[in-house]
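The block underneath contains the structure these notes are about, expressed in structure tokens.
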Amino acid sequence: MQYKIILHPDVTAKDLAKLSHAQRTLVFKQFKKIQTSPELGTLLGNKNGYNLSGYRKMYVDKKKVRIVYTIMEEIITVEVIAVGKREDMAVYAKAWERRS
């Protein structure tokens with residue numbers, strides 16, 4: 001079964017624009033993996049005060065970039081809510097703000 005990847009509205013405009021071309025290419029490769037096996041990502045819980053229970057993360061570019069997403073089984077969709085660098089837990093702060 002293949003899942004549909006949907007991006008939070010801020011992901012394309014803000015998150016991906018901050019990454020290098022090479023990093024964006026690696027992100028899209030990870031999206032393909034998530035599409036076929038979304039459970040590959042590591043479950044998140046509470047990350048420095050950001051409750052991201054039910055969300056998962058995948059690493060990109062030797063752990064320099066993270067993809068934070070949730071699996072929506074009822075509509076066979078994976079929603080990516082944040083993509084970014086871990087510096088100062090910024091990617092988790094964005095994810096927490098954007099969670100459903």
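Residues are referred to by chain and number: the chain letter is A, B, ... according to the order shown in the structure tokens, the number counts from 1 in that chain, and ligands are numbered separately from 1 in the order shown.
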
Quick one: residues within 9 Å of region 65-68 of chain A, only C-alpha atoms counted, chain neighbours fewer than 5 positions away excluded, as a PDB file with C-alpha atoms, in the first residue's frame?
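File out-v3.pdb, as written:
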ATOM      1  CA  LEU A  19      17.640  23.830   3.144  1.00  0.00           C
ATOM      2  CA  GLN A  23      19.348  18.504   1.498  1.00  0.00           C
ATOM      3  CA  VAL A  27      14.305  15.026   1.996  1.00  0.00           C
ATOM      4  CA  GLN A  30      12.961  10.126   2.522  1.00  0.00           C
ATOM      5  CA  PHE A  31       9.423  11.132   1.509  1.00  0.00           C
ATOM      6  CA  GLY A  41      10.195   6.799  11.509  1.00  0.00           C
ATOM      7  CA  LEU A  44       8.255  11.051  19.245  1.00  0.00           C
ATOM      8  CA  TYR A  55       4.163  11.932  15.579  1.00  0.00           C
ATOM      9  CA  ARG A  56       7.288  10.376  14.086  1.00  0.00           C
ATOM     10  CA  LYS A  57      10.664  11.660  12.917  1.00  0.00           C
ATOM     11  CA  MET A  58      13.098  10.639  10.201  1.00  0.00           C
ATOM     12  CA  TYR A  59      16.622  11.904   9.782  1.00  0.00           C
ATOM     13  CA  VAL A  60      18.132  13.439   6.664  1.00  0.00           C
ATOM     14  CA  GLU A  79       1.095  14.598   6.858  1.00  0.00           C
ATOM     15  CA  VAL A  80       4.519  16.211   7.111  1.00  0.00           C
ATOM     16  CA  ILE A  81       4.251  19.064   9.596  1.00  0.00           C
ATOM     17  CA  ALA A  82       7.881  20.170   9.824  1.00  0.00           C
ATOM     18  CA  VAL A  83      11.204  19.766   8.067  1.00  0.00           C
ATOM     19  CA  GLY A  84      14.268  21.476   9.427  1.00  0.00           C
ATOM     20  CA  LYS A  85      17.450  21.467  11.402  1.00  0.00           C
ATOM     21  CA  ARG A  86      17.563  20.382  15.018  1.00  0.00           C
ATOM     22  CA  VAL A  91      12.103  21.773  14.137  1.00  0.00           C
ATOM     23  CA  TYR A  92      10.247  20.379  17.153  1.00  0.00           C
ATOM     24  CA  ALA A  95       6.015  20.817  14.687  1.00  0.00           C
TER      25      ALA A  95
END

Fill in: For CA of Tyr50 (chain A) and CA of Arg98 (chain A), the interatomic separation in Å (one decimal)
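For CA of Tyr50 (chain A) relative to CA of Arg98 (chain A), the distance reads 11.4 Å.
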
Practice prompt. For Lys32 (chain A), list every protein, DNA or RNA residue within 10 Å, evaluated using only C-alpha atoms, and leave out those in the same chain fewer than 6 positions away; present the list as a ChimeraX atom specification.
Written response: /A:2-5,38

For those residues, write N, CA and C atoms to a file as a short mmCIF file (atom, residue, chain, number, x, y, z; two decimals), in the first residue's frame.
data_model
loop_
_atom_site.label_atom_id
_atom_site.label_comp_id
_atom_site.auth_asym_id
_atom_site.auth_seq_id
_atom_site.Cartn_x
_atom_site.Cartn_y
_atom_site.Cartn_z
N GLN A 2 0.51 2.21 -0.77
CA GLN A 2 1.28 3.45 -0.82
C GLN A 2 0.45 4.58 -0.22
N TYR A 3 1.08 5.33 0.68
CA TYR A 3 0.42 6.45 1.34
C TYR A 3 0.61 7.71 0.51
N LYS A 4 -0.32 8.61 0.64
CA LYS A 4 -0.21 9.91 -0.01
C LYS A 4 0.51 10.84 0.97
N ILE A 5 1.49 11.57 0.49
CA ILE A 5 2.22 12.54 1.32
C ILE A 5 1.55 13.89 1.13
N PRO A 38 5.55 4.14 6.26
CA PRO A 38 5.55 5.28 7.18
C PRO A 38 5.97 4.94 8.61
#

Worksheet item: What are the DSSP strand (DSSP E or B) residues of chain A, as a PyMOL selection string?
Response: chain A and resi 4-7+42-43+46-47+50-51+56-60+65-72+77-85

Practice prompt. Could you tell me, as a PyMOL selection string, which residues of chain A DSSP assigns to helix (DSSP H, G or I) when given the backbone?
Written response: chain A and resi 9-18+21-36+38-40+73-75+87-98
